[in-house]
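File shown: my_file_10.txt (compact mmCIF, N, CA and C atoms).
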# COMPACT_ATOMS: atom_id res chain seq x y z
N MET A 101 84.71 151.95 123.87
CA MET A 101 83.89 152.25 122.72
C MET A 101 82.50 152.70 123.20
N ILE A 102 81.97 153.69 122.56
CA ILE A 102 80.66 154.22 122.92
C ILE A 102 79.62 153.64 121.96
N GLU A 103 78.55 153.11 122.53
CA GLU A 103 77.46 152.60 121.71
C GLU A 103 76.36 153.65 121.66
N PHE A 104 76.03 154.09 120.46
CA PHE A 104 75.01 155.11 120.27
C PHE A 104 73.69 154.48 119.87
N THR A 105 72.62 155.19 120.17
CA THR A 105 71.27 154.77 119.82
C THR A 105 70.51 155.97 119.24
N THR A 106 69.37 155.72 118.69
CA THR A 106 68.54 156.78 118.12
C THR A 106 68.14 157.79 119.19
N TYR A 107 68.16 159.05 118.83
CA TYR A 107 67.73 160.12 119.74
C TYR A 107 66.22 160.22 119.68
N GLU A 108 65.58 159.64 120.68
CA GLU A 108 64.12 159.64 120.80
C GLU A 108 63.76 159.23 122.22
N LYS A 109 62.50 159.39 122.57
CA LYS A 109 62.05 158.94 123.88
C LYS A 109 62.22 157.43 123.97
N ARG A 110 62.57 156.98 125.16
CA ARG A 110 62.78 155.55 125.40
C ARG A 110 61.93 155.09 126.58
N ARG A 111 61.88 153.82 126.73
CA ARG A 111 61.15 153.25 127.87
C ARG A 111 61.96 153.44 129.17
N LYS A 112 63.28 153.43 129.05
CA LYS A 112 64.15 153.52 130.22
C LYS A 112 65.43 154.28 129.86
N TYR A 113 65.93 155.04 130.84
CA TYR A 113 67.19 155.77 130.70
C TYR A 113 68.07 155.35 131.88
N PRO A 114 69.19 154.68 131.61
CA PRO A 114 70.03 154.17 132.70
C PRO A 114 70.43 155.23 133.71
N HIS A 115 70.22 154.94 134.96
CA HIS A 115 70.60 155.77 136.11
C HIS A 115 69.93 157.14 136.19
N MET A 116 68.95 157.42 135.36
CA MET A 116 68.22 158.70 135.50
C MET A 116 67.10 158.52 136.50
N MET A 117 67.02 159.46 137.41
CA MET A 117 65.94 159.47 138.40
C MET A 117 64.66 159.99 137.72
N PRO A 118 63.49 159.74 138.34
CA PRO A 118 62.23 160.17 137.70
C PRO A 118 62.18 161.64 137.29
N ARG A 119 62.67 162.55 138.14
CA ARG A 119 62.67 163.98 137.75
C ARG A 119 63.60 164.23 136.58
N ASP A 120 64.74 163.54 136.55
CA ASP A 120 65.67 163.68 135.42
C ASP A 120 64.98 163.24 134.12
N VAL A 121 64.26 162.13 134.20
CA VAL A 121 63.55 161.59 133.02
C VAL A 121 62.52 162.60 132.53
N GLU A 122 61.76 163.20 133.44
CA GLU A 122 60.75 164.20 133.06
C GLU A 122 61.41 165.37 132.32
N ILE A 123 62.52 165.85 132.86
CA ILE A 123 63.23 166.98 132.24
C ILE A 123 63.77 166.56 130.87
N TRP A 124 64.40 165.40 130.81
CA TRP A 124 64.99 164.93 129.56
C TRP A 124 63.94 164.73 128.47
N GLU A 125 62.82 164.16 128.83
CA GLU A 125 61.78 163.93 127.82
C GLU A 125 61.15 165.24 127.35
N ARG A 126 61.03 166.23 128.22
CA ARG A 126 60.57 167.55 127.77
C ARG A 126 61.59 168.16 126.82
N PHE A 127 62.86 167.96 127.12
CA PHE A 127 63.93 168.46 126.25
C PHE A 127 63.85 167.80 124.86
N ILE A 128 63.65 166.49 124.84
CA ILE A 128 63.53 165.77 123.56
C ILE A 128 62.36 166.32 122.75
N GLU A 129 61.22 166.51 123.41
CA GLU A 129 60.03 167.04 122.72
C GLU A 129 60.29 168.43 122.15
N ALA A 130 60.98 169.27 122.92
CA ALA A 130 61.22 170.65 122.49
C ALA A 130 62.36 170.77 121.47
N ASN A 131 63.24 169.76 121.43
CA ASN A 131 64.42 169.81 120.56
C ASN A 131 64.59 168.49 119.81
N PRO A 132 63.63 168.14 118.95
CA PRO A 132 63.65 166.80 118.34
C PRO A 132 64.80 166.56 117.35
N ASP A 133 65.45 167.61 116.90
CA ASP A 133 66.51 167.45 115.91
C ASP A 133 67.89 167.88 116.41
N ILE A 134 68.03 168.07 117.70
CA ILE A 134 69.29 168.61 118.22
C ILE A 134 70.44 167.60 118.12
N PHE A 135 70.14 166.30 118.19
CA PHE A 135 71.14 165.25 118.04
C PHE A 135 70.70 164.25 116.98
N ASP A 136 71.68 163.61 116.37
CA ASP A 136 71.38 162.49 115.47
C ASP A 136 71.28 161.20 116.28
N VAL A 137 72.25 160.99 117.17
CA VAL A 137 72.30 159.80 118.02
C VAL A 137 72.75 160.21 119.42
N VAL A 138 72.48 159.34 120.39
CA VAL A 138 72.88 159.59 121.77
C VAL A 138 73.37 158.30 122.42
N SER A 139 74.11 158.46 123.50
CA SER A 139 74.52 157.34 124.33
C SER A 139 74.25 157.75 125.78
N TYR A 140 73.74 156.83 126.57
CA TYR A 140 73.37 157.12 127.95
C TYR A 140 74.33 156.46 128.92
N ASP A 141 74.55 157.14 130.07
CA ASP A 141 75.30 156.56 131.18
C ASP A 141 76.73 156.19 130.73
N VAL A 142 77.41 157.12 130.09
CA VAL A 142 78.73 156.87 129.52
C VAL A 142 79.79 156.96 130.62
N PRO A 143 80.52 155.87 130.87
CA PRO A 143 81.51 155.87 131.96
C PRO A 143 82.77 156.65 131.60
N VAL A 144 83.27 157.43 132.55
CA VAL A 144 84.53 158.16 132.40
C VAL A 144 85.27 158.14 133.73
N GLY A 145 86.55 158.38 133.67
CA GLY A 145 87.36 158.45 134.88
C GLY A 145 87.87 157.07 135.28
N ASP A 146 88.65 157.06 136.36
CA ASP A 146 89.29 155.83 136.81
C ASP A 146 88.44 155.02 137.77
N GLY A 147 87.50 155.65 138.45
CA GLY A 147 86.71 154.92 139.43
C GLY A 147 87.51 154.70 140.70
N ALA A 148 86.88 154.04 141.66
CA ALA A 148 87.49 153.80 142.96
C ALA A 148 88.49 152.65 142.89
N GLU A 149 89.47 152.69 143.76
CA GLU A 149 90.42 151.58 143.89
C GLU A 149 89.71 150.42 144.60
N PHE A 150 90.00 149.21 144.16
CA PHE A 150 89.44 148.03 144.83
C PHE A 150 90.41 146.87 144.66
N ASP A 151 90.30 145.89 145.55
CA ASP A 151 91.20 144.74 145.57
C ASP A 151 90.68 143.66 144.63
N THR A 152 91.47 143.31 143.62
CA THR A 152 91.04 142.29 142.65
C THR A 152 91.66 140.92 142.94
N THR A 153 92.39 140.78 144.05
CA THR A 153 93.04 139.50 144.33
C THR A 153 92.02 138.40 144.61
N VAL A 154 90.90 138.74 145.20
CA VAL A 154 89.87 137.75 145.51
C VAL A 154 89.09 137.37 144.26
N HIS A 155 88.80 138.33 143.42
CA HIS A 155 87.99 138.11 142.23
C HIS A 155 88.76 138.48 140.98
N VAL A 156 89.81 137.75 140.72
CA VAL A 156 90.63 138.01 139.54
C VAL A 156 89.75 137.84 138.29
N GLY A 157 89.90 138.76 137.35
CA GLY A 157 89.13 138.64 136.11
C GLY A 157 87.89 139.49 136.06
N VAL A 158 87.51 140.09 137.18
CA VAL A 158 86.32 140.95 137.17
C VAL A 158 86.70 142.42 137.27
N ALA A 159 87.97 142.71 137.19
CA ALA A 159 88.43 144.09 137.38
C ALA A 159 87.79 145.07 136.42
N SER A 160 87.68 144.71 135.15
CA SER A 160 87.10 145.65 134.18
C SER A 160 85.61 145.88 134.45
N ASP A 161 84.89 144.82 134.86
CA ASP A 161 83.48 144.97 135.20
C ASP A 161 83.30 145.84 136.44
N MET A 162 84.13 145.62 137.45
CA MET A 162 84.04 146.39 138.69
C MET A 162 84.41 147.85 138.43
N ARG A 163 85.42 148.06 137.61
CA ARG A 163 85.86 149.43 137.31
C ARG A 163 84.69 150.25 136.77
N LYS A 164 83.93 149.68 135.82
CA LYS A 164 82.82 150.40 135.20
C LYS A 164 81.77 150.80 136.24
N LEU A 165 81.56 149.94 137.24
CA LEU A 165 80.58 150.26 138.29
C LEU A 165 80.94 151.52 139.06
N TYR A 166 82.23 151.73 139.26
CA TYR A 166 82.68 152.82 140.12
C TYR A 166 83.11 154.07 139.37
N GLN A 167 83.06 154.04 138.06
CA GLN A 167 83.43 155.22 137.28
C GLN A 167 82.33 156.28 137.36
N ARG A 168 82.69 157.51 137.05
CA ARG A 168 81.69 158.57 136.91
C ARG A 168 80.90 158.26 135.64
N LYS A 169 79.65 158.75 135.59
CA LYS A 169 78.80 158.48 134.44
C LYS A 169 78.25 159.78 133.87
N ILE A 170 78.47 159.98 132.57
CA ILE A 170 77.88 161.11 131.87
C ILE A 170 76.44 160.73 131.56
N ASP A 171 75.49 161.61 131.89
CA ASP A 171 74.08 161.30 131.64
C ASP A 171 73.84 160.98 130.17
N VAL A 172 74.27 161.88 129.30
CA VAL A 172 74.02 161.72 127.87
C VAL A 172 75.21 162.26 127.08
N VAL A 173 75.62 161.51 126.06
CA VAL A 173 76.56 162.02 125.07
C VAL A 173 75.80 162.03 123.75
N GLY A 174 75.68 163.21 123.16
CA GLY A 174 75.00 163.35 121.88
C GLY A 174 75.98 163.58 120.76
N ARG A 175 75.54 163.27 119.53
CA ARG A 175 76.36 163.50 118.32
C ARG A 175 75.52 164.24 117.29
N LYS A 176 76.14 165.23 116.66
CA LYS A 176 75.48 165.97 115.59
C LYS A 176 76.56 166.72 114.82
N HIS A 177 76.53 166.63 113.50
CA HIS A 177 77.46 167.36 112.63
C HIS A 177 78.92 167.19 113.03
N GLY A 178 79.32 165.97 113.37
CA GLY A 178 80.72 165.70 113.70
C GLY A 178 81.17 166.23 115.05
N MET A 179 80.23 166.65 115.88
CA MET A 179 80.56 167.14 117.21
C MET A 179 79.94 166.23 118.27
N PHE A 180 80.57 166.22 119.43
CA PHE A 180 80.03 165.54 120.60
C PHE A 180 79.44 166.58 121.54
N PHE A 181 78.41 166.20 122.25
CA PHE A 181 77.80 167.03 123.29
C PHE A 181 77.75 166.22 124.57
N VAL A 182 78.39 166.71 125.61
CA VAL A 182 78.35 166.06 126.92
C VAL A 182 77.26 166.75 127.72
N VAL A 183 76.22 165.98 128.05
CA VAL A 183 75.00 166.54 128.63
C VAL A 183 74.81 166.06 130.06
N GLU A 184 74.63 167.01 130.97
CA GLU A 184 74.26 166.71 132.34
C GLU A 184 72.81 167.14 132.52
N VAL A 185 71.96 166.21 132.95
CA VAL A 185 70.55 166.49 133.21
C VAL A 185 70.41 166.66 134.72
N LYS A 186 69.94 167.82 135.15
CA LYS A 186 69.97 168.13 136.57
C LYS A 186 68.78 168.98 136.98
N PRO A 187 67.89 168.44 137.85
CA PRO A 187 66.84 169.30 138.41
C PRO A 187 67.47 170.43 139.22
N ARG A 188 66.94 171.62 139.06
CA ARG A 188 67.44 172.79 139.81
C ARG A 188 68.96 172.89 139.76
N ALA A 189 69.51 172.85 138.58
CA ALA A 189 70.97 172.85 138.42
C ALA A 189 71.58 174.09 139.06
N SER A 190 72.58 173.85 139.87
CA SER A 190 73.31 174.95 140.50
C SER A 190 74.62 175.15 139.75
N THR A 191 75.41 176.09 140.22
CA THR A 191 76.67 176.38 139.57
C THR A 191 77.62 175.18 139.60
N ALA A 192 77.44 174.27 140.55
CA ALA A 192 78.27 173.06 140.62
C ALA A 192 78.13 172.22 139.35
N ALA A 193 76.98 172.27 138.69
CA ALA A 193 76.77 171.49 137.46
C ALA A 193 77.70 171.95 136.35
N ILE A 194 78.08 173.21 136.37
CA ILE A 194 79.01 173.72 135.36
C ILE A 194 80.37 173.05 135.52
N GLY A 195 80.86 173.00 136.74
CA GLY A 195 82.13 172.32 136.99
C GLY A 195 82.05 170.83 136.68
N GLN A 196 80.92 170.23 137.00
CA GLN A 196 80.74 168.81 136.75
C GLN A 196 80.82 168.50 135.26
N VAL A 197 80.06 169.23 134.45
CA VAL A 197 80.03 168.94 133.01
C VAL A 197 81.39 169.26 132.36
N LYS A 198 82.08 170.28 132.83
CA LYS A 198 83.40 170.59 132.27
C LYS A 198 84.42 169.52 132.66
N GLY A 199 84.32 169.00 133.87
CA GLY A 199 85.19 167.90 134.28
C GLY A 199 84.93 166.65 133.46
N TYR A 200 83.65 166.38 133.20
CA TYR A 200 83.29 165.22 132.38
C TYR A 200 83.89 165.34 130.97
N ILE A 201 83.91 166.54 130.42
CA ILE A 201 84.48 166.73 129.09
C ILE A 201 85.96 166.37 129.08
N THR A 202 86.69 166.82 130.09
CA THR A 202 88.12 166.52 130.18
C THR A 202 88.35 165.02 130.24
N LEU A 203 87.59 164.32 131.09
CA LEU A 203 87.73 162.87 131.21
C LEU A 203 87.28 162.16 129.93
N PHE A 204 86.21 162.65 129.32
CA PHE A 204 85.68 162.06 128.09
C PHE A 204 86.72 162.12 126.97
N LYS A 205 87.34 163.27 126.79
CA LYS A 205 88.36 163.43 125.75
C LYS A 205 89.54 162.50 126.01
N ARG A 206 89.94 162.39 127.26
CA ARG A 206 91.07 161.53 127.60
C ARG A 206 90.72 160.05 127.42
N ASP A 207 89.61 159.64 127.97
CA ASP A 207 89.26 158.21 127.98
C ASP A 207 88.90 157.65 126.62
N TYR A 208 88.35 158.48 125.74
CA TYR A 208 87.91 157.99 124.43
C TYR A 208 88.74 158.57 123.28
N THR A 209 89.84 159.27 123.60
CA THR A 209 90.72 159.87 122.60
C THR A 209 89.90 160.62 121.55
N ILE A 210 89.17 161.61 122.03
CA ILE A 210 88.29 162.41 121.17
C ILE A 210 89.06 163.60 120.61
N ASN A 211 89.03 163.73 119.30
CA ASN A 211 89.68 164.87 118.64
C ASN A 211 88.68 165.86 118.05
N GLU A 212 87.41 165.47 117.97
CA GLU A 212 86.37 166.35 117.47
C GLU A 212 85.96 167.34 118.56
N PRO A 213 85.28 168.41 118.19
CA PRO A 213 84.79 169.36 119.21
C PRO A 213 83.83 168.68 120.19
N VAL A 214 83.93 169.05 121.46
CA VAL A 214 83.05 168.54 122.50
C VAL A 214 82.40 169.73 123.19
N ILE A 215 81.09 169.79 123.16
CA ILE A 215 80.34 170.92 123.69
C ILE A 215 79.69 170.54 125.02
N PRO A 216 79.92 171.32 126.08
CA PRO A 216 79.26 171.04 127.36
C PRO A 216 77.83 171.58 127.35
N MET A 217 76.92 170.80 127.94
CA MET A 217 75.51 171.19 127.94
C MET A 217 74.87 170.76 129.26
N ILE A 218 74.05 171.64 129.81
CA ILE A 218 73.26 171.33 131.00
C ILE A 218 71.80 171.48 130.63
N VAL A 219 71.00 170.47 130.98
CA VAL A 219 69.56 170.52 130.78
C VAL A 219 68.93 170.48 132.17
N THR A 220 68.16 171.50 132.49
CA THR A 220 67.57 171.62 133.82
C THR A 220 66.13 172.10 133.73
N ASP A 221 65.48 172.17 134.87
CA ASP A 221 64.08 172.61 134.89
C ASP A 221 63.90 174.01 135.47
N GLN A 222 64.93 174.54 136.12
CA GLN A 222 64.82 175.86 136.74
C GLN A 222 66.12 176.63 136.58
N MET A 223 65.99 177.93 136.35
CA MET A 223 67.15 178.80 136.23
C MET A 223 67.46 179.37 137.62
N LEU A 224 68.50 178.86 138.26
CA LEU A 224 68.90 179.37 139.56
C LEU A 224 69.79 180.60 139.39
N PRO A 225 69.93 181.39 140.45
CA PRO A 225 70.72 182.63 140.36
C PRO A 225 72.13 182.38 139.80
N GLU A 226 72.55 183.26 138.95
CA GLU A 226 73.85 183.29 138.30
C GLU A 226 74.10 182.19 137.28
N MET A 227 73.19 181.23 137.13
CA MET A 227 73.44 180.13 136.19
C MET A 227 73.57 180.62 134.75
N GLU A 228 72.68 181.47 134.31
CA GLU A 228 72.73 181.95 132.93
C GLU A 228 74.04 182.68 132.67
N PHE A 229 74.41 183.58 133.58
CA PHE A 229 75.64 184.35 133.43
C PHE A 229 76.86 183.43 133.41
N LEU A 230 76.97 182.53 134.41
CA LEU A 230 78.14 181.66 134.49
C LEU A 230 78.22 180.67 133.35
N ALA A 231 77.10 180.13 132.93
CA ALA A 231 77.10 179.20 131.80
C ALA A 231 77.63 179.91 130.54
N LYS A 232 77.18 181.13 130.34
CA LYS A 232 77.65 181.90 129.18
C LYS A 232 79.15 182.17 129.28
N GLU A 233 79.61 182.58 130.45
CA GLU A 233 81.03 182.87 130.66
C GLU A 233 81.89 181.63 130.45
N GLU A 234 81.39 180.47 130.88
CA GLU A 234 82.15 179.22 130.79
C GLU A 234 81.88 178.46 129.49
N ARG A 235 81.07 179.06 128.61
CA ARG A 235 80.74 178.46 127.32
C ARG A 235 80.08 177.09 127.47
N VAL A 236 79.13 177.04 128.40
CA VAL A 236 78.33 175.84 128.62
C VAL A 236 76.92 176.14 128.12
N GLN A 237 76.40 175.31 127.22
CA GLN A 237 75.03 175.52 126.74
C GLN A 237 74.06 175.14 127.85
N LEU A 238 73.08 176.00 128.08
CA LEU A 238 72.12 175.80 129.17
C LEU A 238 70.71 175.77 128.57
N PHE A 239 69.98 174.70 128.85
CA PHE A 239 68.61 174.55 128.36
C PHE A 239 67.68 174.35 129.54
N ILE A 240 66.55 175.05 129.50
CA ILE A 240 65.49 174.87 130.50
C ILE A 240 64.40 174.03 129.85
N ALA A 241 64.04 172.92 130.48
CA ALA A 241 63.02 172.05 129.91
C ALA A 241 61.97 171.71 130.97

Please render this file's structure as structure tokens.
Amino acid sequence: MIEFTTYEKRRKYPHMMPRDVEIWERFIEANPDIFDVVSYDVPVGDGAEFDTTVHVGVASDMRKLYQRKIDVVGRKHGMFFVVEVKPRASTAAIGQVKGYITLFKRDYTINEPVIPMIVTDQMLPEMEFLAKEERVQLFIA
């Protein structure tokens, strides 16, 4: 289950590095109505294999530690937005966000539209072209 919170600046953003936070907060300021609610650090995927024989009962907690994490999942008008916040986003971010969408749909049984989005601070070569071709929304903040 995903827990959503109000889309606004916060005191802390789980697992975001300082540059990520700067980019994200500029994005919030520039786009105050883009989402109704958001969720941060959303786990997806299976995570790494580990031995639970020593610590029986902690498997679900350990699994969450090793899963991939979506920076932000936003909601607006019945749609989900899977957001990767990345300083100097390269073309690899496109594959990353598209992979996250596949895992997100599978893990949370999502039937509504899911839009991939990258929020970055610099437009690197070919990013605009490839994002458009791959139908990934690209924001510079």

Give the padded box for segment 223-226 of chain A as JSON: axis-aligned, covering all atoms listed in the file, 5 Å on each side, centre and edge lengths in Å to one decimal.
{"center_x": 70.0, "center_y": 180.6, "center_z": 138.3, "size_x": 18.1, "size_y": 15.4, "size_z": 14.2}

List every protein, DNA or RNA residue that has an atom no more than 8 Å from (82.7, 168.6, 123.5) in the file's coordinate frame, counting only N, CA and C atoms, and report them as a tab-separated table (two decimals) with N, CA and C atoms, in the coordinates of the input.
chain	number	residue	atom	x	y	z
A	179	MET	N	80.23	166.65	115.88
A	179	MET	CA	80.56	167.14	117.21
A	179	MET	C	79.94	166.23	118.27
A	180	PHE	N	80.57	166.22	119.43
A	180	PHE	CA	80.03	165.54	120.60
A	180	PHE	C	79.44	166.58	121.54
A	181	PHE	N	78.41	166.20	122.25
A	181	PHE	CA	77.80	167.03	123.29
A	181	PHE	C	77.75	166.22	124.57
A	182	VAL	N	78.39	166.71	125.61
A	182	VAL	CA	78.35	166.06	126.92
A	182	VAL	C	77.26	166.75	127.72
A	201	ILE	N	83.91	166.54	130.42
A	201	ILE	CA	84.48	166.73	129.09
A	201	ILE	C	85.96	166.37	129.08
A	202	THR	N	86.69	166.82	130.09
A	202	THR	CA	88.12	166.52	130.18
A	202	THR	C	88.35	165.02	130.24
A	205	LYS	N	87.34	163.27	126.79
A	205	LYS	CA	88.36	163.43	125.75
A	205	LYS	C	89.54	162.50	126.01
A	212	GLU	N	87.41	165.47	117.97
A	212	GLU	CA	86.37	166.35	117.47
A	212	GLU	C	85.96	167.34	118.56
A	213	PRO	N	85.28	168.41	118.19
A	213	PRO	CA	84.79	169.36	119.21
A	213	PRO	C	83.83	168.68	120.19
A	214	VAL	N	83.93	169.05	121.46
A	214	VAL	CA	83.05	168.54	122.50
A	214	VAL	C	82.40	169.73	123.19
A	215	ILE	N	81.09	169.79	123.16
A	215	ILE	CA	80.34	170.92	123.69
A	215	ILE	C	79.69	170.54	125.02
A	216	PRO	N	79.92	171.32	126.08
A	216	PRO	CA	79.26	171.04	127.36
A	216	PRO	C	77.83	171.58	127.35
A	217	MET	N	76.92	170.80	127.94
A	217	MET	CA	75.51	171.19	127.94
A	217	MET	C	74.87	170.76	129.26

task: Would you list, as number ranges by chain, the residues of segment 122-236 of chain A that end up in alpha helix (DSSP H) under DSSP run on this structure's backbone?
output: A: 122-130, 159-166, 192-208, 227-233

- line: One decimal place gives the atom CA of Pro118 of chain A-atom CA of Val197 of chain A separation as 20.4 Å

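The coordinates place atom CA of Val185 of chain A at 11.5 Å from atom CA of Tyr113 of chain A.
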
message: Counting all atoms listed in the file, I want the residues whose atoms come within 8 Å of (84.0, 178.0, 138.7) in the file frame, returned as number ranges by chain.
response: A: 191-192, 194-195

- prompt: So how far away is atom CA of Asn211 of chain A from atom CA of Ile240 of chain A, in Å?
  reply: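 If I compute the distance from atom CA of Ile240 of chain A to atom CA of Asn211 of chain A, I get 28.7 Å.
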
- request: Between A:Ile123, A:Ala189, A:Ala241, A:Leu203, single out the one closest to Pro225 of chain A, counting all atoms listed in the file.
  value: A:Ala189

- prompt: Between A:Glu234, A:Asp207, A:Glu184, A:Glu108, which is the closest to Phe135 of chain A once you count only N, CA and C atoms?
  reply: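 Residue with the minimum atom-to-atom distance to Phe135 of chain A: A:Glu108.
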
field: Proximity to Met227 of chain A - best of A:Val138, A:Asp171, A:Ala193, A:Tyr200, only C-alpha atoms
entry: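 The answer is A:Ala193, which sits nearest to Met227 of chain A.
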
task: Can you pull out every residue within 6.5 Å of Pro114 of chain A, counting only N, CA and C atoms, but drop anything in the same chain fewer than 2 positions away, and send it as a VMD selection string?
output: chain A and resid 112 116 140 to 141

- request: Find the residue from A:Thr209, A:Lys186, A:Val172, A:Pro143 that sits nearest to Leu238 of chain A; use only C-alpha atoms when measuring.
  value: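 Looking only at the distances to Leu238 of chain A, the closest residue turns out to be A:Lys186.
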